[in-house]
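Shown here: entry-v4.txt, compact mmCIF, C-alpha atoms.
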```
# COMPACT_ATOMS: atom_id res chain seq x y z
CA MET A 1 -25.60 2.91 -19.79
CA SER A 2 -27.53 0.61 -22.09
CA PRO A 3 -27.34 -3.16 -21.46
CA SER A 4 -25.84 -3.67 -24.91
CA ASP A 5 -23.04 -1.14 -24.25
CA TYR A 6 -22.35 -2.84 -20.91
CA GLU A 7 -22.17 -6.23 -22.57
CA PHE A 8 -19.93 -4.93 -25.34
CA LEU A 9 -17.49 -3.29 -22.88
CA SER A 10 -17.44 -6.41 -20.67
CA GLU A 11 -16.50 -8.56 -23.65
CA PHE A 12 -13.98 -6.01 -24.90
CA LEU A 13 -12.23 -5.87 -21.51
CA ALA A 14 -12.28 -9.66 -21.09
CA LYS A 15 -10.75 -10.14 -24.53
CA THR A 16 -8.09 -7.43 -24.34
CA SER A 17 -7.02 -7.52 -20.69
CA GLY A 18 -8.64 -10.60 -19.18
CA LEU A 19 -10.58 -8.37 -16.81
CA ASN A 20 -13.69 -10.22 -15.68
CA LEU A 21 -16.23 -7.51 -14.92
CA GLY A 22 -19.20 -9.72 -14.10
CA GLU A 23 -22.64 -8.21 -13.66
CA GLY A 24 -23.82 -5.02 -11.99
CA LYS A 25 -20.63 -3.00 -12.40
CA SER A 26 -22.03 -0.21 -14.56
CA TYR A 27 -21.13 2.35 -11.83
CA LEU A 28 -17.50 1.20 -12.07
CA LEU A 29 -17.47 1.41 -15.86
CA GLU A 30 -19.07 4.86 -15.81
CA SER A 31 -16.82 6.29 -13.11
CA ARG A 32 -13.69 5.09 -14.93
CA LEU A 33 -14.68 5.50 -18.58
CA ILE A 34 -16.64 8.76 -18.67
CA PRO A 35 -13.40 10.71 -17.97
CA VAL A 36 -11.72 8.74 -20.80
CA ALA A 37 -14.57 9.63 -23.16
CA GLN A 38 -14.40 13.28 -22.13
CA SER A 39 -10.64 13.41 -22.62
CA LEU A 40 -11.19 12.21 -26.20
CA GLY A 41 -13.88 14.81 -26.83
CA LEU A 42 -16.64 12.20 -26.85
CA GLY A 43 -20.09 12.73 -25.34
CA GLY A 44 -20.13 9.68 -23.06
CA ILE A 45 -20.08 5.89 -22.86
CA GLU A 46 -22.31 5.42 -25.91
CA GLU A 47 -19.95 7.42 -28.12
CA LEU A 48 -16.95 5.67 -26.59
CA VAL A 49 -18.43 2.28 -27.52
CA GLN A 50 -19.02 3.55 -31.07
CA ALA A 51 -15.41 4.72 -31.24
CA ILE A 52 -14.15 1.26 -30.19
CA LYS A 53 -16.35 -0.37 -32.82
CA THR A 54 -15.41 1.97 -35.64
CA MET A 55 -11.85 3.13 -34.82
CA PRO A 56 -10.26 0.67 -32.38
CA THR A 57 -6.82 2.30 -32.32
CA PRO A 58 -4.17 0.88 -29.96
CA GLU A 59 -4.19 4.22 -28.06
CA LEU A 60 -7.93 4.00 -27.46
CA LYS A 61 -7.67 0.40 -26.28
CA THR A 62 -4.79 1.27 -23.95
CA SER A 63 -6.64 4.25 -22.45
CA ILE A 64 -9.64 2.09 -21.64
CA ILE A 65 -7.65 -0.81 -20.19
CA GLU A 66 -5.53 1.52 -18.08
CA ALA A 67 -8.55 3.38 -16.74
CA MET A 68 -10.19 0.10 -15.71
CA THR A 69 -7.20 -1.61 -14.14
CA THR A 70 -5.73 1.16 -11.98
CA ASN A 71 -6.44 0.57 -8.32
CA GLU A 72 -6.05 2.27 -5.01
CA THR A 73 -2.72 1.42 -3.53
CA LEU A 74 -0.87 2.43 -0.41
CA PHE A 75 2.45 1.73 1.20
CA PHE A 76 2.63 -1.46 3.30
CA ARG A 77 -0.94 -2.33 2.38
CA ASP A 78 -2.27 -4.91 4.88
CA LYS A 79 1.14 -4.87 6.66
CA LYS A 80 1.22 -8.63 7.43
CA PRO A 81 2.73 -9.79 4.12
CA PHE A 82 5.62 -7.35 4.56
CA ASP A 83 6.25 -8.35 8.17
CA GLU A 84 6.13 -12.02 7.25
CA LEU A 85 8.38 -11.49 4.25
CA ALA A 86 11.08 -10.36 6.68
CA THR A 87 10.39 -12.68 9.61
CA LEU A 88 9.25 -15.94 7.99
CA MET A 89 10.11 -16.02 4.29
CA MET A 90 13.53 -14.40 4.21
CA PRO A 91 15.23 -16.74 6.73
CA ASN A 92 14.30 -19.70 4.49
CA ILE A 93 15.34 -17.87 1.36
CA LEU A 94 18.70 -16.78 2.82
CA GLU A 95 19.40 -20.37 3.74
CA ALA A 96 18.35 -21.77 0.37
CA LYS A 97 20.28 -19.13 -1.60
CA LYS A 98 23.39 -18.90 0.54
CA LEU A 99 25.61 -19.95 -2.33
CA GLN A 100 24.09 -17.71 -5.03
CA ARG A 101 23.55 -14.78 -2.61
CA LYS A 102 20.86 -13.39 -4.86
CA VAL A 103 17.20 -12.79 -4.00
CA ARG A 104 14.58 -12.13 -6.67
CA ILE A 105 11.08 -10.88 -5.90
CA TRP A 106 8.30 -10.19 -8.41
CA CYS A 107 5.47 -7.71 -7.87
CA ALA A 108 3.03 -8.88 -10.51
CA ALA A 109 0.71 -5.85 -10.38
CA SER A 110 2.80 -3.04 -9.03
CA SER A 111 0.40 -0.21 -9.93
CA SER A 112 1.87 3.14 -8.83
CA GLY A 113 4.82 1.49 -7.11
CA GLN A 114 3.92 1.49 -3.43
CA GLU A 115 4.15 -2.30 -3.16
CA PRO A 116 7.64 -2.81 -4.66
CA TYR A 117 8.98 0.22 -2.78
CA SER A 118 7.47 -1.12 0.46
CA ILE A 119 9.19 -4.45 -0.14
CA ALA A 120 12.53 -2.72 -0.75
CA MET A 121 12.14 -0.60 2.41
CA GLN A 122 11.06 -3.60 4.48
CA LEU A 123 14.12 -5.59 3.39
CA LYS A 124 16.46 -2.67 4.13
CA GLU A 125 14.91 -2.20 7.57
CA SER A 126 14.40 -5.76 8.71
CA VAL A 127 16.84 -8.05 6.89
CA PRO A 128 20.29 -6.57 7.61
CA GLU A 129 21.98 -9.77 6.37
CA LEU A 130 21.21 -8.63 2.81
CA SER A 131 23.60 -5.71 3.07
CA ALA A 132 26.49 -8.17 3.41
CA GLY A 133 27.09 -8.74 -0.29
CA TRP A 134 23.66 -10.01 -1.30
CA GLN A 135 22.08 -8.92 -4.56
CA VAL A 136 18.39 -8.04 -4.29
CA GLU A 137 16.31 -7.64 -7.42
CA ILE A 138 12.66 -6.63 -7.28
CA VAL A 139 10.90 -6.90 -10.64
CA ALA A 140 7.78 -4.76 -10.79
CA THR A 141 5.28 -5.30 -13.60
CA ASP A 142 1.94 -3.82 -14.50
CA ILE A 143 -0.35 -3.86 -17.51
CA ASP A 144 -0.67 -0.07 -17.39
CA GLY A 145 2.28 1.73 -19.01
CA GLN A 146 1.30 5.15 -17.65
CA ILE A 147 1.06 4.03 -14.06
CA LEU A 148 4.33 2.15 -14.47
CA ALA A 149 6.05 5.35 -15.65
CA LYS A 150 4.73 7.16 -12.57
CA ALA A 151 5.90 4.32 -10.32
CA LYS A 152 9.36 4.38 -11.87
CA GLN A 153 9.73 8.10 -11.08
CA GLY A 154 9.16 7.40 -7.39
CA GLN A 155 7.58 10.81 -6.95
CA TYR A 156 4.59 10.93 -4.61
CA THR A 157 2.20 13.58 -3.34
CA GLN A 158 1.86 14.53 0.31
CA PHE A 159 -1.41 12.63 0.35
CA GLU A 160 0.16 9.45 -1.07
CA VAL A 161 3.11 9.33 1.34
CA GLN A 162 0.73 9.52 4.28
CA ARG A 163 -1.08 6.34 3.26
CA GLY A 164 0.44 3.43 5.16
CA LEU A 165 3.92 4.89 5.58
CA SER A 166 5.26 5.74 9.02
CA ILE A 167 6.85 9.15 9.48
CA GLN A 168 10.14 7.45 10.35
CA MET A 169 10.19 5.61 7.00
CA LEU A 170 9.22 8.80 5.18
CA MET A 171 12.11 10.71 6.73
CA LYS A 172 14.58 7.92 6.08
CA TYR A 173 13.74 6.93 2.51
CA PHE A 174 12.22 10.06 0.90
CA GLU A 175 13.36 13.57 0.07
CA LYS A 176 11.01 16.52 -0.04
CA ASN A 177 10.97 18.58 -3.23
CA ASP A 178 8.69 21.14 -4.90
CA GLN A 179 6.42 18.43 -6.33
CA GLY A 180 6.05 16.46 -3.11
CA TRP A 181 8.19 13.55 -1.95
CA GLN A 182 10.80 11.66 -3.95
CA ILE A 183 11.93 8.17 -3.00
CA LYS A 184 15.70 7.94 -2.57
CA PRO A 185 17.90 6.17 -5.15
CA GLU A 186 18.97 3.48 -2.66
CA ILE A 187 15.37 2.16 -2.76
CA ARG A 188 14.55 3.07 -6.35
CA ASN A 189 17.61 1.29 -7.70
CA CYS A 190 16.51 -2.07 -6.26
CA ILE A 191 13.62 -2.20 -8.71
CA THR A 192 13.36 -3.15 -12.39
CA TRP A 193 10.14 -2.04 -14.14
CA LYS A 194 8.45 -3.87 -17.01
CA GLN A 195 5.07 -3.54 -18.69
CA LEU A 196 3.33 -6.91 -18.68
CA ASN A 197 -0.12 -8.35 -19.24
CA LEU A 198 -0.47 -11.40 -17.00
CA LEU A 199 -2.34 -13.17 -19.80
CA ASP A 200 0.85 -13.07 -21.87
CA SER A 201 3.85 -15.31 -21.29
CA PHE A 202 6.05 -14.26 -18.37
CA SER A 203 8.52 -17.13 -18.38
CA HIS A 204 11.20 -14.71 -19.71
CA LEU A 205 11.21 -13.01 -16.28
CA GLY A 206 13.06 -16.01 -14.86
CA GLN A 207 12.84 -17.69 -11.45
CA PHE A 208 11.76 -15.84 -8.30
CA ASP A 209 12.00 -16.51 -4.59
CA VAL A 210 8.77 -14.63 -3.88
CA ILE A 211 5.89 -13.53 -6.09
CA PHE A 212 3.55 -10.83 -4.79
CA CYS A 213 0.31 -11.09 -6.77
CA ARG A 214 -2.13 -9.29 -4.55
CA ASN A 215 -5.60 -8.07 -5.41
CA VAL A 216 -5.25 -8.53 -9.14
CA LEU A 217 -6.50 -12.07 -9.82
CA ILE A 218 -9.94 -10.93 -8.66
CA TYR A 219 -10.31 -9.35 -12.08
CA PHE A 220 -9.92 -12.64 -13.94
CA ASP A 221 -12.37 -15.48 -14.39
CA THR A 222 -11.58 -18.84 -12.78
CA GLU A 223 -10.11 -20.38 -15.91
CA ARG A 224 -7.68 -17.50 -16.43
CA LYS A 225 -6.82 -17.37 -12.72
CA LYS A 226 -5.88 -21.06 -12.83
CA GLU A 227 -3.82 -20.61 -15.95
CA ILE A 228 -1.90 -17.65 -14.47
CA LEU A 229 -1.34 -19.40 -11.13
CA ASP A 230 -0.13 -22.58 -12.83
CA ARG A 231 2.41 -20.58 -14.80
CA MET A 232 3.52 -18.68 -11.69
CA ALA A 233 4.15 -21.97 -9.89
CA THR A 234 6.71 -22.89 -12.56
CA LEU A 235 8.71 -19.73 -11.73
CA LEU A 236 9.06 -20.63 -8.05
CA PRO A 237 11.67 -23.02 -6.66
CA LYS A 238 10.82 -25.33 -3.75
CA HIS A 239 11.59 -22.68 -1.16
CA GLY A 240 9.56 -20.06 -3.08
CA TYR A 241 6.46 -18.22 -1.94
CA LEU A 242 3.38 -16.78 -3.59
CA VAL A 243 1.65 -13.94 -1.74
CA LEU A 244 -1.97 -13.22 -2.58
CA GLY A 245 -4.33 -10.52 -1.30
CA GLY A 246 -5.90 -11.04 2.12
CA ALA A 247 -9.26 -12.03 0.66
CA GLU A 248 -7.85 -14.25 -2.09
CA THR A 249 -7.20 -17.99 -2.20
CA VAL A 250 -6.09 -20.69 -4.61
CA LEU A 251 -8.54 -23.14 -3.06
CA GLY A 252 -10.91 -24.51 -5.64
CA ILE A 253 -8.98 -22.77 -8.42
CA CYS A 254 -5.74 -24.70 -8.93
CA ASP A 255 -3.60 -27.45 -7.38
CA SER A 256 -0.27 -25.78 -8.07
CA PHE A 257 0.07 -24.31 -4.57
CA ASN A 258 -0.25 -25.35 -0.94
CA ARG A 259 -0.99 -22.92 1.86
CA ALA A 260 2.28 -22.14 3.66
CA LYS A 261 2.16 -23.05 7.35
CA GLY A 262 2.48 -20.51 10.12
CA PHE A 263 1.59 -17.44 8.05
CA ARG A 264 -1.24 -15.04 8.82
CA ALA A 265 -1.05 -13.48 5.36
CA ALA A 266 -2.28 -15.40 2.29
CA VAL A 267 1.04 -17.11 1.51
CA TYR A 268 1.50 -20.26 -0.58
CA ASN A 269 4.29 -22.61 -1.56
CA PRO A 270 4.41 -24.28 -4.96
CA ALA A 271 2.90 -27.77 -4.76
CA HIS A 272 6.06 -29.27 -6.28
CA ALA A 273 7.74 -28.37 -2.94
CA GLY A 274 5.53 -30.95 -1.18
CA VAL A 275 3.49 -30.00 1.90
CA GLY A 276 3.45 -26.22 2.63
CA LEU A 277 6.63 -25.00 4.30
CA ALA A 278 6.42 -23.78 7.84
CA GLY A 279 7.93 -20.30 8.32
CA THR A 280 11.59 -20.42 9.23
CA ALA A 281 11.81 -23.99 10.50
CA ALA A 282 11.41 -25.97 7.32
CA ILE A 283 14.87 -25.61 5.86
CA LYS A 284 16.86 -25.05 9.03
CA LYS A 285 15.94 -28.28 10.81
CA MET B 1 -12.45 2.18 24.49
CA VAL B 2 -9.66 4.35 23.08
CA LYS B 3 -9.54 7.81 24.68
CA MET B 4 -8.50 10.41 22.11
CA LEU B 5 -7.65 14.05 22.77
CA LEU B 6 -7.98 16.47 19.85
CA VAL B 7 -5.94 19.65 20.29
CA ASP B 8 -6.51 22.35 17.68
CA ASP B 9 -7.48 26.01 17.84
CA SER B 10 -9.73 25.56 14.81
CA ARG B 11 -13.22 24.49 15.79
CA THR B 12 -13.74 23.13 12.28
CA VAL B 13 -10.68 20.88 12.46
CA ARG B 14 -11.83 19.59 15.86
CA LEU B 15 -15.28 18.94 14.44
CA VAL B 16 -13.88 17.01 11.47
CA GLY B 17 -11.53 15.12 13.80
CA ARG B 18 -14.37 14.25 16.16
CA ARG B 19 -16.50 12.91 13.29
CA ILE B 20 -13.65 10.64 12.22
CA MET B 21 -12.89 9.45 15.76
CA ASP B 22 -16.60 8.82 16.41
CA LYS B 23 -16.58 6.42 13.45
CA PHE B 24 -13.75 4.47 15.12
CA GLY B 25 -15.78 4.33 18.34
CA PHE B 26 -13.29 6.42 20.35
CA GLU B 27 -14.07 8.51 23.42
CA VAL B 28 -13.15 12.03 22.27
CA HIS B 29 -11.90 14.97 24.35
CA GLU B 30 -11.10 18.40 22.92
CA ALA B 31 -8.77 21.28 23.73
CA GLU B 32 -8.21 24.63 21.99
CA HIS B 33 -4.52 25.00 22.80
CA GLY B 34 -1.66 23.40 24.71
CA GLU B 35 -2.50 24.80 28.14
CA ASP B 36 -6.11 23.68 27.78
CA ALA B 37 -4.84 20.25 26.68
CA LEU B 38 -2.62 19.91 29.77
CA LYS B 39 -5.72 20.47 31.94
CA VAL B 40 -7.56 17.72 30.06
CA VAL B 41 -4.62 15.33 30.50
CA ARG B 42 -4.47 16.06 34.25
CA GLU B 43 -8.19 15.34 34.53
CA HIS B 44 -7.92 12.24 32.31
CA PRO B 45 -4.44 10.78 32.83
CA ASP B 46 -5.51 7.66 30.94
CA ILE B 47 -5.75 9.43 27.57
CA ASP B 48 -4.44 6.93 24.98
CA ALA B 49 -3.67 9.22 22.06
CA VAL B 50 -3.42 12.88 21.13
CA LEU B 51 -3.94 14.45 17.70
CA LEU B 52 -1.97 17.65 18.09
CA ASP B 53 -1.86 20.87 16.06
CA TRP B 54 1.40 22.85 16.06
CA ASN B 55 0.50 26.53 15.72
CA MET B 56 -1.95 27.57 18.42
CA PRO B 57 -2.33 30.57 20.75
CA VAL B 58 -1.44 30.47 24.47
CA MET B 59 0.69 27.29 24.21
CA ASN B 60 1.74 25.75 20.90
CA GLY B 61 1.78 22.05 20.12
CA LEU B 62 5.52 21.57 20.49
CA ASP B 63 5.59 23.17 23.95
CA PHE B 64 2.60 21.08 24.98
CA LEU B 65 4.36 17.94 23.76
CA LYS B 66 7.49 18.71 25.79
CA ALA B 67 5.37 19.44 28.88
CA LEU B 68 3.35 16.26 28.34
CA ARG B 69 6.44 14.07 28.08
CA SER B 70 7.69 15.39 31.43
CA LEU B 71 4.43 14.57 33.25
CA PRO B 72 4.52 11.51 35.53
CA LEU B 73 1.62 9.71 33.86
CA PRO B 74 0.85 6.00 34.37
CA LYS B 75 1.24 5.58 30.60
CA GLN B 76 2.40 8.21 28.14
CA PRO B 77 -0.14 8.69 25.33
CA THR B 78 0.70 8.22 21.66
CA VAL B 79 1.07 11.65 20.08
CA MET B 80 0.41 12.35 16.42
CA MET B 81 1.29 15.87 15.32
CA CYS B 82 -1.28 17.18 12.85
CA THR B 83 -0.09 20.37 11.21
CA THR B 84 0.44 22.36 8.04
CA GLU B 85 4.18 22.45 8.86
CA ASN B 86 5.42 19.86 6.38
CA ASP B 87 9.16 20.37 6.09
CA MET B 88 11.83 18.03 7.40
CA ASP B 89 13.02 20.48 10.08
CA HIS B 90 9.62 20.66 11.71
CA ILE B 91 9.13 16.89 11.47
CA MET B 92 12.56 16.33 13.08
CA GLN B 93 11.78 18.79 15.90
CA ALA B 94 8.49 17.07 16.66
CA MET B 95 10.03 13.59 16.64
CA GLU B 96 12.88 14.70 18.89
CA ALA B 97 10.33 16.18 21.32
CA GLY B 98 8.61 12.80 21.53
CA ALA B 99 5.95 12.71 18.80
CA ASN B 100 5.10 9.19 17.61
CA GLU B 101 3.60 10.10 14.26
CA TYR B 102 3.14 13.10 12.03
CA ILE B 103 0.17 14.03 9.87
CA MET B 104 0.56 16.80 7.33
CA LYS B 105 -2.61 18.85 6.81
CA PRO B 106 -4.90 18.74 4.97
CA PHE B 107 -5.75 15.26 6.21
CA THR B 108 -8.46 12.81 5.22
CA GLU B 109 -10.20 10.03 7.09
CA ASP B 110 -8.07 7.49 5.18
CA ILE B 111 -4.86 9.17 6.29
CA VAL B 112 -5.97 9.31 9.94
CA ARG B 113 -7.00 5.65 9.81
CA ASP B 114 -3.71 4.58 8.21
CA LYS B 115 -1.67 6.55 10.73
CA LEU B 116 -3.67 5.11 13.65
CA GLU B 117 -2.90 1.66 12.25
CA VAL B 118 0.79 2.50 11.91
CA VAL B 119 1.00 3.43 15.62
CA GLY B 120 -1.08 0.41 16.64
CA ILE B 121 -4.13 2.30 17.95
CA LEU B 122 -6.42 0.74 15.34
```

Encoded form using structure tokens:
Amino acid sequence: MSPSDYEFLSEFLAKTSGLNLGEGKSYLLESRLIPVAQSLGLGGIEELVQAIKTMPTPELKTSIIEAMTTNETLFFRDKKPFDELATLMMPNILEAKKLQRKVRIWCAASSSGQEPYSIAMQLKESVPELSAGWQVEIVATDIDGQILAKAKQGQYTQFEVQRGLSIQMLMKYFEKNDQGWQIKPEIRNCITWKQLNLLDSFSHLGQFDVIFCRNVLIYFDTERKKEILDRMATLLPKHGYLVLGGAETVLGICDSFNRAKGFRAAVYNPAHAGVGLAGTAAIKK
Amino acid sequence: MVKMLLVDDSRTVRLVGRRIMDKFGFEVHEAEHGEDALKVVREHPDIDAVLLDWNMPVMNGLDFLKALRSLPLPKQPTVMMCTTENDMDHIMQAMEAGANEYIMKPFTEDIVRDKLEVVGIL
């Protein structure tokens, strides 16, 4: 790929999706965009760049953004955030919301759906209190409409259901069919799906008790990360939590969050709550 | 070091399994069928985990599993069935016989790693 094509695509992706490619990622661009070019009958990256310059249709833009932002995902990825959702976050949330009896969780980059479905399964398995008249809403958003449609179907291949999911959970929450494995309605119905670019306003989504925003901010530059995190903080009440990817931090990026105490996963409380909440103790004492 | 027993009548599957387990730094033992595997377990009663095929000559995986669970071992190993049998009935049978996990063939290194994490071996 020529340096000028690389620079053009980097700028195009930054402008349209906020994706911060940085330097030395030509292998990533080629591996993701050559199939896009081929599917459009184009000869390669060079012709794809020409097509963007001369005929930048919304479909072309969408194909490119979706190809670049789809990531590997598995059920219960990194495990700790799901365990700590049940053992440390939920006791505080149940206490804080005991009058409303409604829990809202946002998966900000839900990709093919494994994360929101894992959350729903974890809550069913480990927080039995919720079955006593509590309303649980998991809002799953992603920039990629195609991947969101796949996630909404809840249909997975044999390969996909073996990534991170125990056989007990598979038997309990999935049904086998001719295409593979279908997640059961009791889990699927907990989730609301919406297409969303994190650079756009998301205040219309309302307040959440927990925001999962894992392994997506890495694609944004520091300025955009800060701006997104600041806006997320406004959607969280004092008892709310932000969950980032294991290798991510807000340190040095924004002051809107404090590290939550007692967590092994990358969990934060909004700064307007004061010092980071300790697991279950903070509200109960 | 984790001691892993691979039980499969296919030499190729055992070879692929061994390559994966070597990457994890496991001590690997092999058996061609259930009866062979019982001998290995008697010689090495401290085996930590078994990756177990279902359909094999001499003694199949399910019969081996039942025999294994009745052995008076100091610690019962974690057993992961690893088979082309991918319907609910087979999965149920294996779980009822004492399997801890279930891998549906064909498997990849990622799947084996994830399943080993699920059962707490990795």

Residues of chain A that have any atom at most 9 Å from an atom of chain B: could you tabulate them with the shortest-distance atom pair and the distance in Å to one decimal, using all atoms listed in the file, ordered by chain and increasing number, as CSV?
```
residue,atom,partner,partner_atom,distance
A:Gln158,CA,B:Met104,CA,7.5
A:Phe159,CA,B:Ile111,CA,7.7
A:Glu160,CA,B:Ile111,CA,8.9
A:Gln162,CA,B:Ile111,CA,6.0
A:Arg163,CA,B:Ile111,CA,5.6
A:Gly164,CA,B:Asp114,CA,5.3
A:Leu165,CA,B:Val118,CA,7.5
A:Ser166,CA,B:Val118,CA,6.2
A:Ile167,CA,B:Glu101,CA,5.9
A:Gln168,CA,B:Glu101,CA,8.1
A:Met171,CA,B:Met88,CA,7.4
A:Glu175,CA,B:Met88,CA,8.7
A:Lys176,CA,B:Asp87,CA,7.5
```

Work out where the centre of an axis-aligned box around every listed atom of region 88-100 of chain B lies and how long its edges are once 5 Å is added on each side; give both in Å to one decimal as lines of an AutoDock Vina configuration file.
```
center_x = 9.1
center_y = 14.9
center_z = 14.5
size_x = 17.9
size_y = 21.5
size_z = 24.1
```

Pairwise distance for CA of Asn215 (chain A) and CA of Asp78 (chain A), rounded to one decimal in Å: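 About the pair CA of Asn215 (chain A) and CA of Asp78 (chain A): they are 11.3 Å apart.
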
Neighbour list for region 125-135 of chain A as a list in words, cut-off 7 Å, only C-alpha atoms, skip fewer than 6 positions in-chain: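 Here the answer would be Ala86, Arg101, Lys102 and Val103 of chain A.
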
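Taking CA of Gln179 (chain A) as the reference point, CA of Cys82 (chain B) is found at 20.7 Å.
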
CA of Arg77 (chain A) to CA of Ser201 (chain A), straight-line distance in Å: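 CA of Arg77 (chain A) lies 27.4 Å from CA of Ser201 (chain A).
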
Residue with smallest distance to Leu15 (chain B) - pool B:Val2, B:Ala31, B:Leu38, B:Ala99, counting all atoms listed in the file: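 Checking each of B:Val2, B:Ala31, B:Leu38, B:Ala99 against Leu15 (chain B), counting all atoms listed in the file, the winner is B:Ala31.
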
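Near Asp36 (chain B), within 12 Å and counting all atoms listed in the file, sit Leu5, Leu6, Val7, Asp8, Asp9, His29, Glu30, Ala31, Glu32, His33, Gly34, Leu38, Lys39, Val40, Val41, Arg42, Glu43, Met56, Pro57, Val58, Met59, Asn60, Gly61 and Phe64 of chain B, not including residues fewer than 2 positions from it in the same chain.
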
Restricting it to C-alpha atoms, dump the selection as a PDB file, keeping the file's coordinate frame.
```pdb
ATOM      1  CA  LEU B   5      -7.650  14.050  22.770  1.00  0.00           C
ATOM      2  CA  LEU B   6      -7.980  16.470  19.850  1.00  0.00           C
ATOM      3  CA  VAL B   7      -5.940  19.650  20.290  1.00  0.00           C
ATOM      4  CA  ASP B   8      -6.510  22.350  17.680  1.00  0.00           C
ATOM      5  CA  ASP B   9      -7.480  26.010  17.840  1.00  0.00           C
ATOM      6  CA  HIS B  29     -11.900  14.970  24.350  1.00  0.00           C
ATOM      7  CA  GLU B  30     -11.100  18.400  22.920  1.00  0.00           C
ATOM      8  CA  ALA B  31      -8.770  21.280  23.730  1.00  0.00           C
ATOM      9  CA  GLU B  32      -8.210  24.630  21.990  1.00  0.00           C
ATOM     10  CA  HIS B  33      -4.520  25.000  22.800  1.00  0.00           C
ATOM     11  CA  GLY B  34      -1.660  23.400  24.710  1.00  0.00           C
ATOM     12  CA  LEU B  38      -2.620  19.910  29.770  1.00  0.00           C
ATOM     13  CA  LYS B  39      -5.720  20.470  31.940  1.00  0.00           C
ATOM     14  CA  VAL B  40      -7.560  17.720  30.060  1.00  0.00           C
ATOM     15  CA  VAL B  41      -4.620  15.330  30.500  1.00  0.00           C
ATOM     16  CA  ARG B  42      -4.470  16.060  34.250  1.00  0.00           C
ATOM     17  CA  GLU B  43      -8.190  15.340  34.530  1.00  0.00           C
ATOM     18  CA  MET B  56      -1.950  27.570  18.420  1.00  0.00           C
ATOM     19  CA  PRO B  57      -2.330  30.570  20.750  1.00  0.00           C
ATOM     20  CA  VAL B  58      -1.440  30.470  24.470  1.00  0.00           C
ATOM     21  CA  MET B  59       0.690  27.290  24.210  1.00  0.00           C
ATOM     22  CA  ASN B  60       1.740  25.750  20.900  1.00  0.00           C
ATOM     23  CA  GLY B  61       1.780  22.050  20.120  1.00  0.00           C
ATOM     24  CA  PHE B  64       2.600  21.080  24.980  1.00  0.00           C
TER      25      PHE B  64
END
```

Nearest to Thr222 (chain A), chosen from A:Glu47, A:Gly252, A:Leu42, A:Thr234, with only C-alpha atoms counted in the distances: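 Among A:Glu47, A:Gly252, A:Leu42, A:Thr234, it is A:Gly252 that comes nearest to Thr222 (chain A).
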
Protein, DNA and RNA residues within 9 Å of (-13.5, 8.0, -30.9), only C-alpha atoms, as a list in words: Ala37, Leu40, Gly41, Leu42, Glu47, Leu48, Val49, Gln50, Ala51, Ile52, Thr54, Met55, Pro56, Thr57 and Leu60 of chain A

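Nearest to Arg104 (chain A) of all the residues A:Pro35, A:Gly240, A:Gly24, A:Gly245 is A:Gly240, counting all atoms listed in the file.
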